[in-house]
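To start, the structure under review is shown below, and the notes come after it.
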Amino acid sequence: MGLMDTIQFLENLADTLDGWAEESRRGGWSTHQVEANRREADRCRRKAAELKRLLSR
């Protein structure tokens, strides 16, 4: 898996986690997972952004 693939994977994972958080918030899943999923989504996005910065150097 190349670096661009890793960035795309992290961004897609973040979108999935945010979707799960939204479903949980609306009562579709256990609500205790809302913040956990959002935290992990943010972590994935930060890592993807860090990798993008490394590539642009």
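Residue numbers start at 1 in each chain; chains themselves are named A, B, ... in the order of the structure tokens; ligands are numbered from 1 in the order shown.
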**Request:** Do a neighbour search on Lys47 of chain A at 12 Å with only C-alpha atoms, toss out local chain neighbours closer than 5 positions, and write the hits as a ChimeraX atom specification.
**Result:** /A:3,6-11,13-14,40-42,52-54
Taking N, CA, C and O atoms for each residue, export the selection above as a CSV table (one decimal), in the first residue's frame.
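The result, stored in selection_25.csv:
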```
chain,number,residue,atom,x,y,z
A,3,LEU,N,1.7,5.4,0.0
A,3,LEU,CA,1.4,6.5,0.9
A,3,LEU,C,0.0,7.2,0.5
A,3,LEU,O,-0.8,7.4,1.4
A,6,THR,N,-2.7,5.0,1.7
A,6,THR,CA,-2.9,5.1,3.1
A,6,THR,C,-3.6,6.3,3.5
A,6,THR,O,-4.5,6.3,4.3
A,7,ILE,N,-3.3,7.4,2.8
A,7,ILE,CA,-4.1,8.7,3.1
A,7,ILE,C,-5.5,8.5,2.7
A,7,ILE,O,-6.4,8.9,3.5
A,8,GLN,N,-5.8,7.9,1.6
A,8,GLN,CA,-7.2,7.7,1.2
A,8,GLN,C,-7.9,6.8,2.2
A,8,GLN,O,-9.1,7.0,2.5
A,9,PHE,N,-7.2,5.7,2.6
A,9,PHE,CA,-7.8,4.8,3.6
A,9,PHE,C,-8.2,5.5,4.8
A,9,PHE,O,-9.3,5.3,5.4
A,10,LEU,N,-7.3,6.3,5.4
A,10,LEU,CA,-7.6,7.1,6.6
A,10,LEU,C,-8.7,8.0,6.4
A,10,LEU,O,-9.6,8.2,7.3
A,11,GLU,N,-8.8,8.7,5.3
A,11,GLU,CA,-9.9,9.6,5.1
A,11,GLU,C,-11.2,8.9,4.9
A,11,GLU,O,-12.2,9.3,5.5
A,13,LEU,N,-11.9,5.9,6.3
A,13,LEU,CA,-12.2,5.4,7.6
A,13,LEU,C,-12.8,6.5,8.5
A,13,LEU,O,-13.8,6.3,9.2
A,14,ALA,N,-12.2,7.7,8.4
A,14,ALA,CA,-12.8,8.9,9.2
A,14,ALA,C,-14.2,9.1,8.8
A,14,ALA,O,-15.1,9.4,9.7
A,40,GLU,N,-11.9,9.1,17.0
A,40,GLU,CA,-11.1,8.3,16.1
A,40,GLU,C,-11.1,8.9,14.7
A,40,GLU,O,-10.1,8.8,14.0
A,41,ALA,N,-12.2,9.4,14.3
A,41,ALA,CA,-12.3,10.0,13.0
A,41,ALA,C,-11.4,11.2,12.9
A,41,ALA,O,-10.6,11.4,11.9
A,42,ASP,N,-11.4,12.0,14.0
A,42,ASP,CA,-10.5,13.2,14.0
A,42,ASP,C,-9.0,12.7,14.0
A,42,ASP,O,-8.2,13.3,13.3
A,52,LYS,N,0.0,14.0,4.1
A,52,LYS,CA,-0.1,14.9,2.9
A,52,LYS,C,1.0,16.0,3.0
A,52,LYS,O,1.6,16.4,2.0
A,53,ARG,N,1.2,16.6,4.2
A,53,ARG,CA,2.2,17.6,4.4
A,53,ARG,C,3.6,17.0,4.1
A,53,ARG,O,4.4,17.6,3.4
A,54,LEU,N,3.8,15.8,4.5
A,54,LEU,CA,5.1,15.1,4.2
A,54,LEU,C,5.3,14.9,2.7
A,54,LEU,O,6.4,15.1,2.2
```
Residues near Ala36 of chain A, anyone? I mean within 12 Å using only C-alpha atoms, not counting same-chain ones fewer than 5 positions away, as a PDB file with N, CA, C and O atoms, in the first residue's frame.
```pdb
ATOM      1  N   ALA A  14     -12.235   7.731   8.408  1.00  0.00           N
ATOM      2  CA  ALA A  14     -12.770   8.861   9.171  1.00  0.00           C
ATOM      3  C   ALA A  14     -14.219   9.132   8.790  1.00  0.00           C
ATOM      4  O   ALA A  14     -15.070   9.362   9.660  1.00  0.00           O
ATOM      5  N   LEU A  17     -16.388   6.410  10.355  1.00  0.00           N
ATOM      6  CA  LEU A  17     -16.539   6.620  11.798  1.00  0.00           C
ATOM      7  C   LEU A  17     -17.492   7.769  12.094  1.00  0.00           C
ATOM      8  O   LEU A  17     -18.315   7.685  13.015  1.00  0.00           O
ATOM      9  N   ASP A  18     -17.394   8.850  11.322  1.00  0.00           N
ATOM     10  CA  ASP A  18     -18.330   9.962  11.509  1.00  0.00           C
ATOM     11  C   ASP A  18     -19.768   9.524  11.214  1.00  0.00           C
ATOM     12  O   ASP A  18     -20.698   9.931  11.907  1.00  0.00           O
ATOM     13  N   TRP A  20     -20.982   6.508  11.590  1.00  0.00           N
ATOM     14  CA  TRP A  20     -21.415   5.701  12.732  1.00  0.00           C
ATOM     15  C   TRP A  20     -21.767   6.588  13.918  1.00  0.00           C
ATOM     16  O   TRP A  20     -22.733   6.331  14.631  1.00  0.00           O
ATOM     17  N   ALA A  21     -20.966   7.617  14.136  1.00  0.00           N
ATOM     18  CA  ALA A  21     -21.249   8.538  15.247  1.00  0.00           C
ATOM     19  C   ALA A  21     -22.603   9.211  15.040  1.00  0.00           C
ATOM     20  O   ALA A  21     -23.393   9.344  15.981  1.00  0.00           O
ATOM     21  N   GLU A  22     -22.879   9.626  13.814  1.00  0.00           N
ATOM     22  CA  GLU A  22     -24.166  10.279  13.524  1.00  0.00           C
ATOM     23  C   GLU A  22     -25.322   9.302  13.713  1.00  0.00           C
ATOM     24  O   GLU A  22     -26.354   9.663  14.287  1.00  0.00           O
ATOM     25  N   SER A  24     -25.356   6.776  15.718  1.00  0.00           N
ATOM     26  CA  SER A  24     -25.470   6.571  17.162  1.00  0.00           C
ATOM     27  C   SER A  24     -26.183   7.747  17.813  1.00  0.00           C
ATOM     28  O   SER A  24     -27.045   7.578  18.683  1.00  0.00           O
ATOM     29  N   ARG A  25     -25.814   8.939  17.378  1.00  0.00           N
ATOM     30  CA  ARG A  25     -26.411  10.150  17.951  1.00  0.00           C
ATOM     31  C   ARG A  25     -27.922  10.165  17.733  1.00  0.00           C
ATOM     32  O   ARG A  25     -28.683  10.608  18.578  1.00  0.00           O
ATOM     33  N   SER A  30     -25.639   2.377  19.961  1.00  0.00           N
ATOM     34  CA  SER A  30     -25.402   2.788  21.339  1.00  0.00           C
ATOM     35  C   SER A  30     -24.791   4.181  21.366  1.00  0.00           C
ATOM     36  O   SER A  30     -23.783   4.446  20.712  1.00  0.00           O
ATOM     37  N   THR A  31     -25.384   5.075  22.113  1.00  0.00           N
ATOM     38  CA  THR A  31     -24.942   6.471  22.114  1.00  0.00           C
ATOM     39  C   THR A  31     -23.585   6.669  22.785  1.00  0.00           C
ATOM     40  O   THR A  31     -22.951   7.692  22.560  1.00  0.00           O
ATOM     41  N   ALA A  41     -12.236   9.386  14.283  1.00  0.00           N
ATOM     42  CA  ALA A  41     -12.323  10.032  12.972  1.00  0.00           C
ATOM     43  C   ALA A  41     -11.374  11.220  12.908  1.00  0.00           C
ATOM     44  O   ALA A  41     -10.637  11.399  11.925  1.00  0.00           O
ATOM     45  N   ASP A  42     -11.363  12.023  13.956  1.00  0.00           N
ATOM     46  CA  ASP A  42     -10.452  13.174  14.003  1.00  0.00           C
ATOM     47  C   ASP A  42      -8.997  12.724  13.962  1.00  0.00           C
ATOM     48  O   ASP A  42      -8.165  13.338  13.289  1.00  0.00           O
ATOM     49  N   ARG A  43      -8.692  11.659  14.671  1.00  0.00           N
ATOM     50  CA  ARG A  43      -7.325  11.135  14.693  1.00  0.00           C
ATOM     51  C   ARG A  43      -6.903  10.669  13.299  1.00  0.00           C
ATOM     52  O   ARG A  43      -5.788  10.947  12.848  1.00  0.00           O
TER      53      ARG A  43
END
```
**Asked** Among chain A, which residues carry a DSSP assignment of alpha helix (DSSP H), reported as a PyMOL selection string?
**Response** chain A and resi 3-25+34-55
Just to be explicit: take each residue in the selection above, keep N, CA and C atoms, and write the result as a short mmCIF file (atom, residue, chain, number, x, y, z; two decimals), in the first residue's frame.
```cif
data_model
loop_
_atom_site.label_atom_id
_atom_site.label_comp_id
_atom_site.auth_asym_id
_atom_site.auth_seq_id
_atom_site.Cartn_x
_atom_site.Cartn_y
_atom_site.Cartn_z
N LEU A 3 1.73 5.44 -0.01
CA LEU A 3 1.37 6.52 0.91
C LEU A 3 0.03 7.16 0.53
N MET A 4 -0.21 7.36 -0.75
CA MET A 4 -1.49 7.94 -1.18
C MET A 4 -2.65 7.00 -0.84
N ASP A 5 -2.42 5.70 -0.97
CA ASP A 5 -3.44 4.72 -0.59
C ASP A 5 -3.73 4.80 0.90
N THR A 6 -2.69 4.97 1.69
CA THR A 6 -2.85 5.08 3.14
C THR A 6 -3.65 6.33 3.50
N ILE A 7 -3.33 7.43 2.84
CA ILE A 7 -4.06 8.68 3.09
C ILE A 7 -5.54 8.49 2.75
N GLN A 8 -5.81 7.92 1.60
CA GLN A 8 -7.20 7.69 1.19
C GLN A 8 -7.92 6.76 2.16
N PHE A 9 -7.23 5.71 2.60
CA PHE A 9 -7.80 4.79 3.56
C PHE A 9 -8.18 5.52 4.85
N LEU A 10 -7.29 6.34 5.36
CA LEU A 10 -7.55 7.08 6.60
C LEU A 10 -8.72 8.04 6.43
N GLU A 11 -8.78 8.72 5.30
CA GLU A 11 -9.89 9.64 5.07
C GLU A 11 -11.22 8.89 4.95
N ASN A 12 -11.22 7.76 4.26
CA ASN A 12 -12.44 6.95 4.16
C ASN A 12 -12.87 6.40 5.51
N LEU A 13 -11.90 5.95 6.29
CA LEU A 13 -12.19 5.44 7.63
C LEU A 13 -12.79 6.54 8.50
N ALA A 14 -12.24 7.73 8.41
CA ALA A 14 -12.77 8.86 9.17
C ALA A 14 -14.22 9.13 8.79
N ASP A 15 -14.52 9.09 7.49
CA ASP A 15 -15.91 9.30 7.05
C ASP A 15 -16.83 8.22 7.59
N THR A 16 -16.37 6.98 7.59
CA THR A 16 -17.16 5.88 8.13
C THR A 16 -17.43 6.07 9.61
N LEU A 17 -16.39 6.41 10.36
CA LEU A 17 -16.54 6.62 11.80
C LEU A 17 -17.49 7.77 12.09
N ASP A 18 -17.39 8.85 11.32
CA ASP A 18 -18.33 9.96 11.51
C ASP A 18 -19.77 9.52 11.21
N GLY A 19 -19.93 8.70 10.18
CA GLY A 19 -21.26 8.18 9.88
C GLY A 19 -21.81 7.35 11.02
N TRP A 20 -20.98 6.51 11.59
CA TRP A 20 -21.42 5.70 12.73
C TRP A 20 -21.77 6.59 13.92
N ALA A 21 -20.97 7.62 14.14
CA ALA A 21 -21.25 8.54 15.25
C ALA A 21 -22.60 9.21 15.04
N GLU A 22 -22.88 9.63 13.81
CA GLU A 22 -24.17 10.28 13.52
C GLU A 22 -25.32 9.30 13.71
N GLU A 23 -25.16 8.06 13.26
CA GLU A 23 -26.21 7.05 13.46
C GLU A 23 -26.43 6.83 14.96
N SER A 24 -25.36 6.78 15.72
CA SER A 24 -25.47 6.57 17.16
C SER A 24 -26.18 7.75 17.81
N ARG A 25 -25.81 8.94 17.38
CA ARG A 25 -26.41 10.15 17.95
C ARG A 25 -27.92 10.17 17.73
N VAL A 34 -20.68 7.60 20.32
CA VAL A 34 -20.64 8.83 19.51
C VAL A 34 -19.29 9.53 19.64
N GLU A 35 -18.91 9.87 20.84
CA GLU A 35 -17.66 10.61 21.04
C GLU A 35 -16.44 9.76 20.68
N ALA A 36 -16.49 8.48 21.00
CA ALA A 36 -15.37 7.60 20.66
C ALA A 36 -15.16 7.55 19.15
N ASN A 37 -16.23 7.42 18.40
CA ASN A 37 -16.11 7.39 16.94
C ASN A 37 -15.64 8.72 16.39
N ARG A 38 -16.13 9.80 16.94
CA ARG A 38 -15.68 11.13 16.47
C ARG A 38 -14.21 11.36 16.79
N ARG A 39 -13.77 10.94 17.96
CA ARG A 39 -12.35 11.08 18.31
C ARG A 39 -11.46 10.31 17.34
N GLU A 40 -11.87 9.08 17.04
CA GLU A 40 -11.07 8.27 16.11
C GLU A 40 -11.10 8.86 14.70
N ALA A 41 -12.24 9.39 14.28
CA ALA A 41 -12.32 10.03 12.97
C ALA A 41 -11.37 11.22 12.91
N ASP A 42 -11.36 12.02 13.96
CA ASP A 42 -10.45 13.17 14.00
C ASP A 42 -9.00 12.72 13.96
N ARG A 43 -8.69 11.66 14.67
CA ARG A 43 -7.32 11.14 14.69
C ARG A 43 -6.90 10.67 13.30
N CYS A 44 -7.80 10.00 12.60
CA CYS A 44 -7.50 9.55 11.23
C CYS A 44 -7.26 10.75 10.31
N ARG A 45 -8.10 11.77 10.43
CA ARG A 45 -7.94 12.95 9.58
C ARG A 45 -6.63 13.70 9.87
N ARG A 46 -6.28 13.78 11.15
CA ARG A 46 -5.01 14.44 11.50
C ARG A 46 -3.83 13.68 10.91
N LYS A 47 -3.86 12.36 10.98
CA LYS A 47 -2.77 11.55 10.43
C LYS A 47 -2.72 11.69 8.91
N ALA A 48 -3.87 11.68 8.25
CA ALA A 48 -3.90 11.86 6.79
C ALA A 48 -3.32 13.23 6.42
N ALA A 49 -3.68 14.26 7.16
CA ALA A 49 -3.16 15.60 6.89
C ALA A 49 -1.64 15.65 7.10
N GLU A 50 -1.17 14.98 8.12
CA GLU A 50 0.28 14.93 8.38
C GLU A 50 1.00 14.26 7.21
N LEU A 51 0.46 13.16 6.73
CA LEU A 51 1.07 12.46 5.59
C LEU A 51 1.04 13.31 4.33
N LYS A 52 -0.04 14.05 4.11
CA LYS A 52 -0.12 14.94 2.95
C LYS A 52 0.96 16.02 3.03
N ARG A 53 1.18 16.55 4.23
CA ARG A 53 2.23 17.58 4.41
C ARG A 53 3.59 16.98 4.08
N LEU A 54 3.84 15.76 4.52
CA LEU A 54 5.12 15.10 4.21
C LEU A 54 5.31 14.93 2.72
N LEU A 55 4.24 14.59 2.02
CA LEU A 55 4.33 14.39 0.56
C LEU A 55 4.60 15.71 -0.18
#
```
